$ cat entry_23.cif   # mmCIF, C-alpha atoms
data_structure
loop_
_atom_site.group_PDB
_atom_site.id
_atom_site.type_symbol
_atom_site.label_atom_id
_atom_site.label_comp_id
_atom_site.auth_asym_id
_atom_site.auth_seq_id
_atom_site.Cartn_x
_atom_site.Cartn_y
_atom_site.Cartn_z
ATOM 1 C CA MET R 1 0.000 0.000 0.000
ATOM 2 C CA ALA R 2 1.307 3.494 -0.812
ATOM 3 C CA LEU R 3 2.416 5.712 2.048
ATOM 4 C CA ARG R 4 -0.579 7.996 1.722
ATOM 5 C CA GLY R 5 -2.927 5.007 1.822
ATOM 6 C CA ILE R 6 -1.270 3.565 4.925
ATOM 7 C CA TRP R 7 -1.383 6.909 6.706
ATOM 8 C CA VAL R 8 -4.996 7.660 5.781
ATOM 9 C CA ALA R 9 -6.076 4.167 6.817
ATOM 10 C CA ALA R 10 -4.281 4.506 10.124
ATOM 11 C CA LEU R 11 -5.884 7.858 10.885
ATOM 12 C CA MET R 12 -9.338 6.630 9.854
ATOM 13 C CA SER R 13 -8.956 3.664 12.194
ATOM 14 C CA ALA R 14 -7.758 6.020 14.879
ATOM 15 C CA ALA R 15 -10.811 8.215 14.453
ATOM 16 C CA ALA R 16 -13.050 5.197 14.818
ATOM 17 C CA VAL R 17 -11.278 4.133 17.990
ATOM 18 C CA MET R 18 -11.272 7.544 19.616
ATOM 19 C CA GLY R 19 -14.765 8.442 18.524
ATOM 20 C CA ASN R 20 -14.243 12.123 17.827
ATOM 21 C CA ALA R 21 -11.937 15.056 18.448
ATOM 22 C CA GLY R 22 -13.721 15.804 21.686
ATOM 23 C CA ALA R 23 -12.617 12.489 23.132
ATOM 24 C CA VAL R 24 -9.003 13.321 22.384
ATOM 25 C CA GLU R 25 -9.406 16.800 23.850
ATOM 26 C CA ALA R 26 -10.838 15.289 27.022
ATOM 27 C CA GLN R 27 -7.888 12.913 27.213
ATOM 28 C CA PHE R 28 -5.339 15.705 27.117
ATOM 29 C CA GLY R 29 -7.293 18.389 28.939
ATOM 30 C CA GLY R 30 -7.752 22.052 28.065
ATOM 31 C CA LEU R 31 -4.623 24.175 28.314
ATOM 32 C CA GLY R 32 -6.626 27.292 29.113
ATOM 33 C CA GLY R 33 -7.929 25.775 32.316
ATOM 34 C CA LEU R 34 -4.448 24.683 33.338
ATOM 35 C CA VAL R 35 -3.090 28.200 33.126
ATOM 36 C CA LYS R 36 -5.689 29.398 35.625
ATOM 37 C CA ARG R 37 -4.722 26.914 38.303
ATOM 38 C CA ALA R 38 -2.702 28.553 41.005
ATOM 39 C CA GLY R 39 0.302 26.718 42.388
ATOM 40 C CA ILE R 40 0.155 23.777 39.969
ATOM 41 C CA SER R 41 3.474 21.944 39.545
ATOM 42 C CA LEU R 42 5.394 22.130 36.278
ATOM 43 C CA PRO R 43 5.206 18.395 35.442
ATOM 44 C CA SER R 44 1.421 18.412 35.867
ATOM 45 C CA LEU R 45 1.071 21.597 33.858
ATOM 46 C CA ARG R 46 3.130 20.310 30.957
ATOM 47 C CA LYS R 47 1.827 16.722 31.032
ATOM 48 C CA GLU R 48 5.325 15.617 30.117
ATOM 49 C CA PRO R 49 5.476 12.902 27.442
ATOM 50 C CA ILE R 50 8.264 11.173 29.389
ATOM 51 C CA SER R 51 8.571 12.340 32.982
ATOM 52 C CA THR R 52 11.055 9.735 34.291
ATOM 53 C CA SER R 53 13.603 11.517 36.463
ATOM 54 C CA LEU R 54 16.447 10.773 38.850
ATOM 55 C CA ALA R 55 13.933 10.534 41.691
ATOM 56 C CA ASP R 56 12.409 7.510 39.931
ATOM 57 C CA ALA R 57 15.729 5.617 39.870
ATOM 58 C CA ARG R 58 15.165 3.972 43.241
ATOM 59 C CA TRP R 59 17.055 0.720 42.700
ATOM 60 C CA SER R 60 20.680 1.923 42.885
ATOM 61 C CA ASP R 61 22.973 -0.561 44.672
ATOM 62 C CA PRO R 62 26.126 1.242 45.895
ATOM 63 C CA SER R 63 27.107 -1.869 47.861
ATOM 64 C CA ARG R 64 28.194 -3.471 44.591
ATOM 65 C CA ASP R 65 30.368 -0.640 43.273
ATOM 66 C CA GLY R 66 33.408 -2.236 41.673
ATOM 67 C CA PHE R 67 31.781 -5.682 41.639
ATOM 68 C CA VAL R 68 32.457 -7.937 38.638
ATOM 69 C CA PRO R 69 30.639 -11.297 38.533
ATOM 70 C CA SER R 70 32.947 -14.306 38.566
ATOM 71 C CA SER R 71 30.926 -16.067 35.848
ATOM 72 C CA PRO R 72 32.235 -15.819 32.272
ATOM 73 C CA LYS R 73 30.513 -13.006 30.429
ATOM 74 C CA ARG R 74 28.125 -14.226 27.732
ATOM 75 C CA SER R 75 26.206 -12.431 24.999
ATOM 76 C CA LEU R 76 22.600 -11.718 25.876
ATOM 77 C CA SER R 77 21.812 -12.615 22.253
ATOM 78 C CA GLU R 78 22.383 -16.290 23.116
ATOM 79 C CA LEU R 79 19.196 -16.287 25.178
ATOM 80 C CA GLN R 80 15.669 -16.963 23.969
ATOM 81 C CA ARG R 81 13.972 -13.879 22.541
ATOM 82 C CA THR R 82 10.419 -12.850 23.424
ATOM 83 C CA PRO R 83 7.715 -11.395 21.135
ATOM 84 C CA ASN R 84 8.504 -8.008 22.733
ATOM 85 C CA GLY R 85 12.073 -8.176 21.458
ATOM 86 C CA GLY R 86 13.281 -8.949 24.973
ATOM 87 C CA PHE R 87 15.280 -11.820 26.423
ATOM 88 C CA VAL R 88 14.349 -14.686 28.773
ATOM 89 C CA LEU R 89 16.940 -14.508 31.544
ATOM 90 C CA GLN R 90 19.057 -17.393 32.780
ATOM 91 C CA ALA R 91 21.564 -17.513 35.620
ATOM 92 C CA GLY R 92 24.834 -15.896 34.610
ATOM 93 C CA TYR R 93 26.603 -12.714 33.558
ATOM 94 C CA PHE R 94 25.428 -11.236 30.251
ATOM 95 C CA SER R 95 26.234 -8.287 27.995
ATOM 96 C CA PHE R 96 24.419 -6.654 25.090
ATOM 97 C CA HIS R 97 25.559 -3.720 22.940
ATOM 98 C CA GLY R 98 22.267 -2.261 21.811
ATOM 99 C CA GLN R 99 20.834 0.821 20.199
ATOM 100 C CA SER R 100 19.686 3.438 22.683
ATOM 101 C CA TYR R 101 17.713 6.640 22.232
ATOM 102 C CA CYS R 102 17.730 10.114 23.750
ATOM 103 C CA LEU R 103 14.613 10.958 25.769
ATOM 104 C CA HIS R 104 15.667 14.366 27.055
ATOM 105 C CA ALA R 105 16.201 16.891 24.261
ATOM 106 C CA GLY R 106 18.218 20.003 24.983
ATOM 107 C CA THR R 107 20.682 18.273 27.329
ATOM 108 C CA HIS R 108 24.168 16.784 27.017
ATOM 109 C CA GLY R 109 24.996 13.250 25.946
ATOM 110 C CA PRO R 110 26.873 10.737 28.110
ATOM 111 C CA GLY R 111 30.445 11.449 29.148
ATOM 112 C CA ASN R 112 33.026 12.271 31.809
ATOM 113 C CA GLY R 113 32.476 9.151 33.885
ATOM 114 C CA ASP R 114 28.878 9.859 34.869
ATOM 115 C CA GLY R 115 27.001 6.730 35.927
ATOM 116 C CA TYR R 116 23.468 5.680 34.992
ATOM 117 C CA LEU R 117 20.702 4.013 36.983
ATOM 118 C CA TYR R 118 17.616 1.984 36.100
ATOM 119 C CA ALA R 119 14.192 3.634 36.068
ATOM 120 C CA PRO R 120 10.955 2.703 34.258
ATOM 121 C CA PRO R 121 9.343 4.852 31.543
ATOM 122 C CA LEU R 122 6.760 7.227 33.014
ATOM 123 C CA GLY R 123 4.682 10.017 31.488
ATOM 124 C CA SER R 124 1.725 10.697 29.225
ATOM 125 C CA ALA R 125 3.429 9.198 26.138
ATOM 126 C CA ARG R 126 4.848 6.185 27.978
ATOM 127 C CA ASP R 127 2.892 3.572 26.010
ATOM 128 C CA ALA R 128 3.715 5.111 22.627
ATOM 129 C CA VAL R 129 7.423 5.451 23.404
ATOM 130 C CA ILE R 130 7.645 1.854 24.627
ATOM 131 C CA ALA R 131 5.737 0.659 21.542
ATOM 132 C CA ILE R 132 8.089 2.467 19.146
ATOM 133 C CA VAL R 133 11.245 1.071 20.729
ATOM 134 C CA ARG R 134 9.800 -2.399 21.344
ATOM 135 C CA ASN R 135 8.276 -2.820 17.870
ATOM 136 C CA SER R 136 11.416 -1.514 16.164
ATOM 137 C CA VAL R 137 13.050 -4.897 16.862
ATOM 138 C CA GLN R 138 10.700 -6.458 14.310
ATOM 139 C CA HIS R 139 11.478 -3.707 11.790
ATOM 140 C CA PRO R 140 15.256 -3.651 11.292
ATOM 141 C CA GLU R 141 14.676 -1.905 7.960
ATOM 142 C CA ILE R 142 13.691 1.304 9.804
ATOM 143 C CA ASP R 143 16.811 3.407 10.276
ATOM 144 C CA GLN R 144 17.824 4.305 13.834
ATOM 145 C CA HIS R 145 17.865 8.009 12.930
ATOM 146 C CA THR R 146 14.231 7.782 11.789
ATOM 147 C CA ILE R 147 13.223 6.191 15.090
ATOM 148 C CA GLN R 148 15.126 8.805 17.102
ATOM 149 C CA ALA R 149 13.543 11.641 15.126
ATOM 150 C CA LEU R 150 10.110 10.121 15.784
ATOM 151 C CA LEU R 151 10.860 9.974 19.524
ATOM 152 C CA TRP R 152 12.024 13.598 19.479
ATOM 153 C CA ALA R 153 8.763 14.497 17.730
ATOM 154 C CA ILE R 154 6.815 12.915 20.588
ATOM 155 C CA LEU R 155 8.956 14.574 23.251
ATOM 156 C CA SER R 156 8.527 17.972 21.608
ATOM 157 C CA ARG R 157 4.778 17.450 21.019
ATOM 158 C CA ALA R 158 5.101 17.843 17.253
ATOM 159 C CA LYS R 159 2.088 16.906 15.151
ATOM 160 C CA ILE R 160 2.704 13.517 13.558
ATOM 161 C CA GLU R 161 0.941 14.679 10.390
ATOM 162 C CA ASP R 162 3.622 17.391 9.955
ATOM 163 C CA LEU R 163 6.553 14.957 9.935
ATOM 164 C CA SER R 164 8.542 13.687 6.966
ATOM 165 C CA ASN R 165 7.273 10.747 4.935
ATOM 166 C CA ASP R 166 9.880 8.430 6.474
ATOM 167 C CA GLN R 167 8.843 9.435 9.995
ATOM 168 C CA LYS R 168 5.127 9.080 9.233
ATOM 169 C CA MET R 169 5.728 5.667 7.671
ATOM 170 C CA ALA R 170 7.664 4.592 10.781
ATOM 171 C CA ALA R 171 4.863 5.865 13.024
ATOM 172 C CA ALA R 172 2.261 3.889 11.042
ATOM 173 C CA GLN R 173 4.372 0.728 11.333
ATOM 174 C CA LEU R 174 5.317 1.032 14.997
ATOM 175 C CA LEU R 175 2.199 2.504 16.627
ATOM 176 C CA THR R 176 -1.424 1.411 16.919
ATOM 177 C CA PRO R 177 -4.248 3.582 15.530
ATOM 178 C CA ARG R 178 -5.187 4.577 19.093
ATOM 179 C CA GLN R 179 -1.637 5.701 19.813
ATOM 180 C CA LEU R 180 -1.492 7.635 16.543
ATOM 181 C CA ALA R 181 -4.717 9.428 17.418
ATOM 182 C CA GLY R 182 -3.413 10.367 20.842
ATOM 183 C CA LEU R 183 -0.181 11.767 19.430
ATOM 184 C CA ASN R 184 -1.605 13.634 16.456
ATOM 185 C CA ARG R 185 -2.372 16.639 18.594
ATOM 186 C CA ASN R 186 -0.209 19.716 18.877
ATOM 187 C CA VAL R 187 0.151 21.270 22.351
ATOM 188 C CA LEU R 188 0.269 25.065 22.244
ATOM 189 C CA ASP R 189 3.693 26.493 23.064
ATOM 190 C CA MET R 190 2.209 28.382 26.004
ATOM 191 C CA LEU R 191 5.276 27.953 28.186
ATOM 192 C CA GLY R 192 7.968 28.791 25.649
ATOM 193 C CA SER R 193 7.992 32.485 26.519
ATOM 194 C CA GLY R 194 6.220 35.038 28.600
ATOM 195 C CA PRO R 195 5.631 35.471 32.331
ATOM 196 C CA ILE R 196 5.276 31.751 33.126
ATOM 197 C CA ALA R 197 8.542 30.780 31.405
ATOM 198 C CA ASP R 198 10.365 33.771 32.887
ATOM 199 C CA HIS R 199 10.032 32.305 36.388
ATOM 200 C CA LEU R 200 11.207 28.778 35.509
ATOM 201 C CA PRO R 201 14.752 27.501 36.193
ATOM 202 C CA LYS R 202 17.280 28.082 33.430
ATOM 203 C CA GLU R 203 17.670 24.356 32.661
ATOM 204 C CA VAL R 204 13.896 23.967 32.261
ATOM 205 C CA ARG R 205 13.668 26.981 29.956
ATOM 206 C CA SER R 206 16.548 25.590 27.852
ATOM 207 C CA ALA R 207 14.881 22.200 27.470
ATOM 208 C CA MET R 208 11.561 23.837 26.575
ATOM 209 C CA GLN R 209 13.282 26.021 23.979
ATOM 210 C CA ALA R 210 14.874 22.907 22.467
ATOM 211 C CA GLU R 211 11.438 21.285 22.267
ATOM 212 C CA ALA R 212 9.989 24.363 20.541
ATOM 213 C CA ASP R 213 12.886 24.419 18.057
ATOM 214 C CA LEU R 214 12.454 20.702 17.340
ATOM 215 C CA ARG R 215 8.719 21.168 16.696
ATOM 216 C CA ARG R 216 9.469 23.885 14.178
ATOM 217 C CA MET R 217 12.291 21.962 12.500
ATOM 218 C CA LEU R 218 10.367 18.691 12.298
ATOM 219 C CA ALA R 219 7.565 20.495 10.486
ATOM 220 C CA THR R 220 10.020 22.138 8.053
ATOM 221 C CA PRO R 221 10.593 20.070 4.884
ATOM 222 C CA GLY R 222 14.241 19.247 4.229
ATOM 223 C CA THR R 223 15.454 19.471 7.837
ATOM 224 C CA SER R 224 18.355 17.041 8.177
ATOM 225 C CA TYR R 225 18.958 14.667 11.053
ATOM 226 C CA GLY R 226 22.185 16.515 11.836
ATOM 227 C CA GLU R 227 20.239 19.744 12.332
ATOM 228 C CA LEU R 228 17.837 18.024 14.729
ATOM 229 C CA GLU R 229 20.736 16.475 16.612
ATOM 230 C CA ARG R 230 22.483 19.814 17.121
ATOM 231 C CA VAL R 231 19.381 21.111 18.919
ATOM 232 C CA ALA R 232 18.584 17.965 20.896
ATOM 233 C CA VAL R 233 22.120 16.974 21.938
ATOM 234 C CA LEU R 234 24.119 19.848 23.386
ATOM 235 C CA ALA R 235 27.816 20.132 22.618
ATOM 236 C CA GLY R 236 30.564 21.196 25.011
ATOM 237 C CA ILE R 237 31.222 20.423 28.653
ATOM 238 C CA ALA R 238 28.119 19.463 30.593
ATOM 239 C CA PRO R 239 27.449 21.424 33.797
ATOM 240 C CA VAL R 240 26.290 19.688 36.948
ATOM 241 C CA GLY R 241 22.515 19.905 36.797
ATOM 242 C CA ALA R 242 20.238 20.823 39.668
ATOM 243 C CA GLY R 243 19.522 17.885 41.964
ATOM 244 C CA SER R 244 22.393 15.772 40.627
ATOM 245 C CA ILE R 245 23.936 13.012 42.722
ATOM 246 C CA GLY R 246 27.283 11.270 42.451
ATOM 247 C CA VAL R 247 26.875 8.033 40.519
ATOM 248 C CA PRO R 248 30.101 6.312 39.416
ATOM 249 C CA THR R 249 30.388 4.667 36.025
ATOM 250 C CA GLY R 250 29.178 1.079 36.106
ATOM 251 C CA ARG R 251 27.000 1.266 39.194
ATOM 252 C CA TRP R 252 24.580 -1.648 39.387
ATOM 253 C CA SER R 253 20.843 -1.271 39.883
ATOM 254 C CA GLN R 254 18.922 -4.103 41.534
ATOM 255 C CA HIS R 255 15.943 -4.576 39.258
ATOM 256 C CA PRO R 256 12.654 -5.359 41.067
ATOM 257 C CA ASP R 257 12.291 -8.510 38.923
ATOM 258 C CA GLY R 258 15.260 -10.073 40.707
ATOM 259 C CA TYR R 259 18.477 -9.361 38.791
ATOM 260 C CA TRP R 260 21.187 -6.688 38.631
ATOM 261 C CA ILE R 261 21.731 -4.389 35.644
ATOM 262 C CA ARG R 262 24.087 -1.592 34.694
ATOM 263 C CA TYR R 263 24.420 0.726 31.701
ATOM 264 C CA LEU R 264 27.638 1.779 29.962
ATOM 265 C CA PRO R 265 26.730 4.279 27.205
ATOM 266 C CA GLY R 266 29.114 4.842 24.303
ATOM 267 C CA SER R 267 27.003 7.817 23.238
ATOM 268 C CA TYR R 268 23.283 8.528 23.257
ATOM 269 C CA THR R 269 22.963 6.202 20.242
ATOM 270 C CA ASN R 270 24.349 3.051 21.849
ATOM 271 C CA THR R 271 24.735 1.486 25.271
ATOM 272 C CA VAL R 272 26.397 -1.661 26.563
ATOM 273 C CA VAL R 273 23.991 -3.250 29.038
ATOM 274 C CA GLU R 274 25.354 -5.773 31.521
ATOM 275 C CA ILE R 275 23.071 -8.085 33.492
ATOM 276 C CA TRP R 276 23.974 -10.356 36.376
ATOM 277 C CA VAL R 277 21.540 -13.092 37.423
ATOM 278 C CA PRO R 278 22.773 -15.058 40.471
ATOM 279 C CA SER R 279 22.076 -18.799 40.486
ATOM 280 C CA ASP R 280 19.425 -18.406 43.190
ATOM 281 C CA ALA R 281 17.869 -15.187 41.838
ATOM 282 C CA SER R 282 14.141 -14.772 41.291
ATOM 283 C CA GLY R 283 14.997 -13.161 37.949
ATOM 284 C CA ILE R 284 15.671 -16.557 36.338
ATOM 285 C CA GLY R 285 12.993 -17.079 33.689
ATOM 286 C CA LYS R 286 11.892 -13.408 33.791
ATOM 287 C CA GLU R 287 11.925 -11.224 30.704
ATOM 288 C CA TYR R 288 14.432 -8.426 30.236
ATOM 289 C CA ASP R 289 12.514 -6.044 27.959
ATOM 290 C CA PRO R 290 14.915 -3.208 27.022
ATOM 291 C CA ALA R 291 12.049 -0.915 25.967
ATOM 292 C CA THR R 292 10.952 -0.708 29.618
ATOM 293 C CA HIS R 293 14.395 0.449 30.787
ATOM 294 C CA ILE R 294 15.478 4.069 30.926
ATOM 295 C CA ALA R 295 19.097 4.665 31.937
ATOM 296 C CA VAL R 296 18.931 7.796 34.090
ATOM 297 C CA PRO R 297 22.161 9.768 34.661
ATOM 298 C CA GLY R 298 23.283 10.897 38.094
ATOM 299 C CA ASN R 299 23.983 14.275 36.442
ATOM 300 C CA THR R 300 20.592 15.754 35.533
ATOM 301 C CA ALA R 301 22.226 17.864 32.795
ATOM 302 C CA ARG R 302 22.719 14.694 30.758
ATOM 303 C CA GLN R 303 20.257 12.693 28.702
ATOM 304 C CA ARG R 304 17.946 9.899 29.757
ATOM 305 C CA LEU R 305 18.505 6.919 27.448
ATOM 306 C CA ILE R 306 15.821 4.360 26.652
ATOM 307 C CA GLN R 307 17.261 0.967 25.752
ATOM 308 C CA SER R 308 16.482 -1.152 22.701
ATOM 309 C CA GLY R 309 16.595 -4.821 21.774
ATOM 310 C CA ARG R 310 18.171 -3.917 18.436
ATOM 311 C CA PRO R 311 21.925 -4.618 18.297
ATOM 312 C CA TYR R 312 24.108 -1.600 17.632
ATOM 313 C CA ARG R 313 26.333 -1.679 14.568
ATOM 314 C CA SER R 314 28.673 1.258 14.145
#

$ encode --input "entry_23.cif" --output "structure tokens"
Amino acid sequence: MALRGIWVAALMSAAAVMGNAGAVEAQFGGLGGLVKRAGISLPSLRKEPISTSLADARWSDPSRDGFVPSSPKRSLSELQRTPNGGFVLQAGYFSFHGQSYCLHAGTHGPGNGDGYLYAPPLGSARDAVIAIVRNSVQHPEIDQHTIQALLWAILSRAKIEDLSNDQKMAAAQLLTPRQLAGLNRNVLDMLGSGPIADHLPKEVRSAMQAEADLRRMLATPGTSYGELERVAVLAGIAPVGAGSIGVPTGRWSQHPDGYWIRYLPGSYTNTVVEIWVPSDASGIGKEYDPATHIAVPGNTARQRLIQSGRPYRS
């Protein structure tokens, strides 16, 4: 089916699922009413697509700093795969060099020995973001740059209908009609400037400006991936962000499913994930689904990285 046919069919199905525009409006809420609420917190006001933060990384295990399992390291790819593109865990020490994706535009990439901790995806676009990364495993023909641009579109609240043909095709392949309907709404840039933005912390204003720039660029025909990247991934030395904590490189997180995991990013595009499953761990037989893992940096000025079950090839 031609691209236009796929896209029209997807949107028609989405309309049938959602019922009408009013249903979508009710789902997202009216921005005018939000402005009038006194004392409302920023995350609630913005309904952040992905709100996962350092405070959500509650499984850090400093007691194992410097620990290296005695078992020989094996490739995670040796294990049975799941329909989600995940892996069925066995006892042992495993490693996987996978594609990862930036989920915090307008911040710095990994570097300078900063460690990363496990946290789950949270936020209003959680299901769509997980679906894109999870379903990408079954679509190796979709370029990593296309997937990253689609994720930046969601983070910046760009209208899916305004994206490039490649990005719209990827959205139609990776998302359900219901998810497409929920995302094909543009949030007014009410916080990008003016009295509300003037009273926000500098880092928040910078991230919001990056989102506004990405929205504009994604809707501009001919914008290259390199241009998007220059806005989303800041160059230069990263400052220490507000609320940062010291997390050494290679710190393990004790996953609630009963295994240990750590993240060693090469850049925002790729991360080596190491998993240790002790012989008596409850994690044996559980699924490691990379799309439900966000590597959160101890330095809040750096990017959150969602993991992928797609192997990274430089």

$ residues_around --input "entry_23.cif" --residues "Ser164 of chain R" --least-positions-apart "5" --cutoff "8 Å" --atoms "all atoms listed in the file" --output "list in words"
Leu218, Ala219 and Pro221 of chain R

$ write_last_selection --input "entry_23.cif" --atoms "C-alpha atoms" --output "compact mmCIF listing (two decimals), in the coordinates of the input"
# COMPACT_ATOMS: atom_id res chain seq x y z
CA LEU R 218 10.37 18.69 12.30
CA ALA R 219 7.56 20.50 10.49
CA PRO R 221 10.59 20.07 4.88

$ resolve_selection --input "entry_23.cif" --expression "the PyMOL selection byres ((chain R and resi 77) around 9)" --output "PDB file with C-alpha atoms, keeping the file's coordinate frame"
ATOM      1  CA  ARG R  74      28.125 -14.226  27.732  1.00  0.00           C
ATOM      2  CA  SER R  75      26.206 -12.431  24.999  1.00  0.00           C
ATOM      3  CA  LEU R  76      22.600 -11.718  25.876  1.00  0.00           C
ATOM      4  CA  GLU R  78      22.383 -16.290  23.116  1.00  0.00           C
ATOM      5  CA  LEU R  79      19.196 -16.287  25.178  1.00  0.00           C
ATOM      6  CA  GLN R  80      15.669 -16.963  23.969  1.00  0.00           C
ATOM      7  CA  ARG R  81      13.972 -13.879  22.541  1.00  0.00           C
ATOM      8  CA  PHE R  87      15.280 -11.820  26.423  1.00  0.00           C
ATOM      9  CA  PHE R  94      25.428 -11.236  30.251  1.00  0.00           C
ATOM     10  CA  SER R  95      26.234  -8.287  27.995  1.00  0.00           C
ATOM     11  CA  PHE R  96      24.419  -6.654  25.090  1.00  0.00           C
ATOM     12  CA  PRO R 311      21.925  -4.618  18.297  1.00  0.00           C
TER      13      PRO R 311
END

$ closest_residue --input "entry_23.cif" --among "R:Leu175, R:Ile284, R:Ala131, R:Leu155" --to "Ala207 of chain R" --atoms "only C-alpha atoms"
R:Leu155

$ resolve_selection --input "entry_23.cif" --expression "the PyMOL selection byres ((chain R and resi 286) around 6)" --output "compact mmCIF listing (two decimals) with C-alpha atoms, keeping the file's coordinate frame"
# COMPACT_ATOMS: atom_id res chain seq x y z
CA VAL R 88 14.35 -14.69 28.77
CA LEU R 89 16.94 -14.51 31.54
CA GLY R 283 15.00 -13.16 37.95
CA ILE R 284 15.67 -16.56 36.34
CA GLY R 285 12.99 -17.08 33.69
CA GLU R 287 11.92 -11.22 30.70

$ resolve_selection --input "entry_23.cif" --expression "the PyMOL selection byres ((chain R and resi 307) around 9)" --output "JSON, numbers by chain"
{"R": [98, 99, 100, 101, 133, 270, 271, 273, 289, 290, 291, 292, 293, 294, 295, 305, 306, 308, 309, 310]}

$ write_last_selection --input "entry_23.cif" --atoms "C-alpha atoms" --output "PDB file, in the coordinates of the input"
ATOM      1  CA  GLY R  98      22.267  -2.261  21.811  1.00  0.00           C
ATOM      2  CA  GLN R  99      20.834   0.821  20.199  1.00  0.00           C
ATOM      3  CA  SER R 100      19.686   3.438  22.683  1.00  0.00           C
ATOM      4  CA  TYR R 101      17.713   6.640  22.232  1.00  0.00           C
ATOM      5  CA  VAL R 133      11.245   1.071  20.729  1.00  0.00           C
ATOM      6  CA  ASN R 270      24.349   3.051  21.849  1.00  0.00           C
ATOM      7  CA  THR R 271      24.735   1.486  25.271  1.00  0.00           C
ATOM      8  CA  VAL R 273      23.991  -3.250  29.038  1.00  0.00           C
ATOM      9  CA  ASP R 289      12.514  -6.044  27.959  1.00  0.00           C
ATOM     10  CA  PRO R 290      14.915  -3.208  27.022  1.00  0.00           C
ATOM     11  CA  ALA R 291      12.049  -0.915  25.967  1.00  0.00           C
ATOM     12  CA  THR R 292      10.952  -0.708  29.618  1.00  0.00           C
ATOM     13  CA  HIS R 293      14.395   0.449  30.787  1.00  0.00           C
ATOM     14  CA  ILE R 294      15.478   4.069  30.926  1.00  0.00           C
ATOM     15  CA  ALA R 295      19.097   4.665  31.937  1.00  0.00           C
ATOM     16  CA  LEU R 305      18.505   6.919  27.448  1.00  0.00           C
ATOM     17  CA  ILE R 306      15.821   4.360  26.652  1.00  0.00           C
ATOM     18  CA  SER R 308      16.482  -1.152  22.701  1.00  0.00           C
ATOM     19  CA  GLY R 309      16.595  -4.821  21.774  1.00  0.00           C
ATOM     20  CA  ARG R 310      18.171  -3.917  18.436  1.00  0.00           C
TER      21      ARG R 310
END

$ residues_around --input "entry_23.cif" --residues "segment 119-126 of chain R" --least-positions-apart "5" --cutoff "6 Å" --atoms "all atoms listed in the file" --output "count of residues only"
10

$ atom_distance --input "entry_23.cif" --atom1 "atom CA of Gly250 of chain R" --atom2 "atom CA of Arg230 of chain R"
27.5 Å

$ closest_residue --input "entry_23.cif" --among "R:Tyr268, R:His108, R:Val137, R:Trp260" --to "Pro83 of chain R" --atoms "all atoms listed in the file"
R:Val137
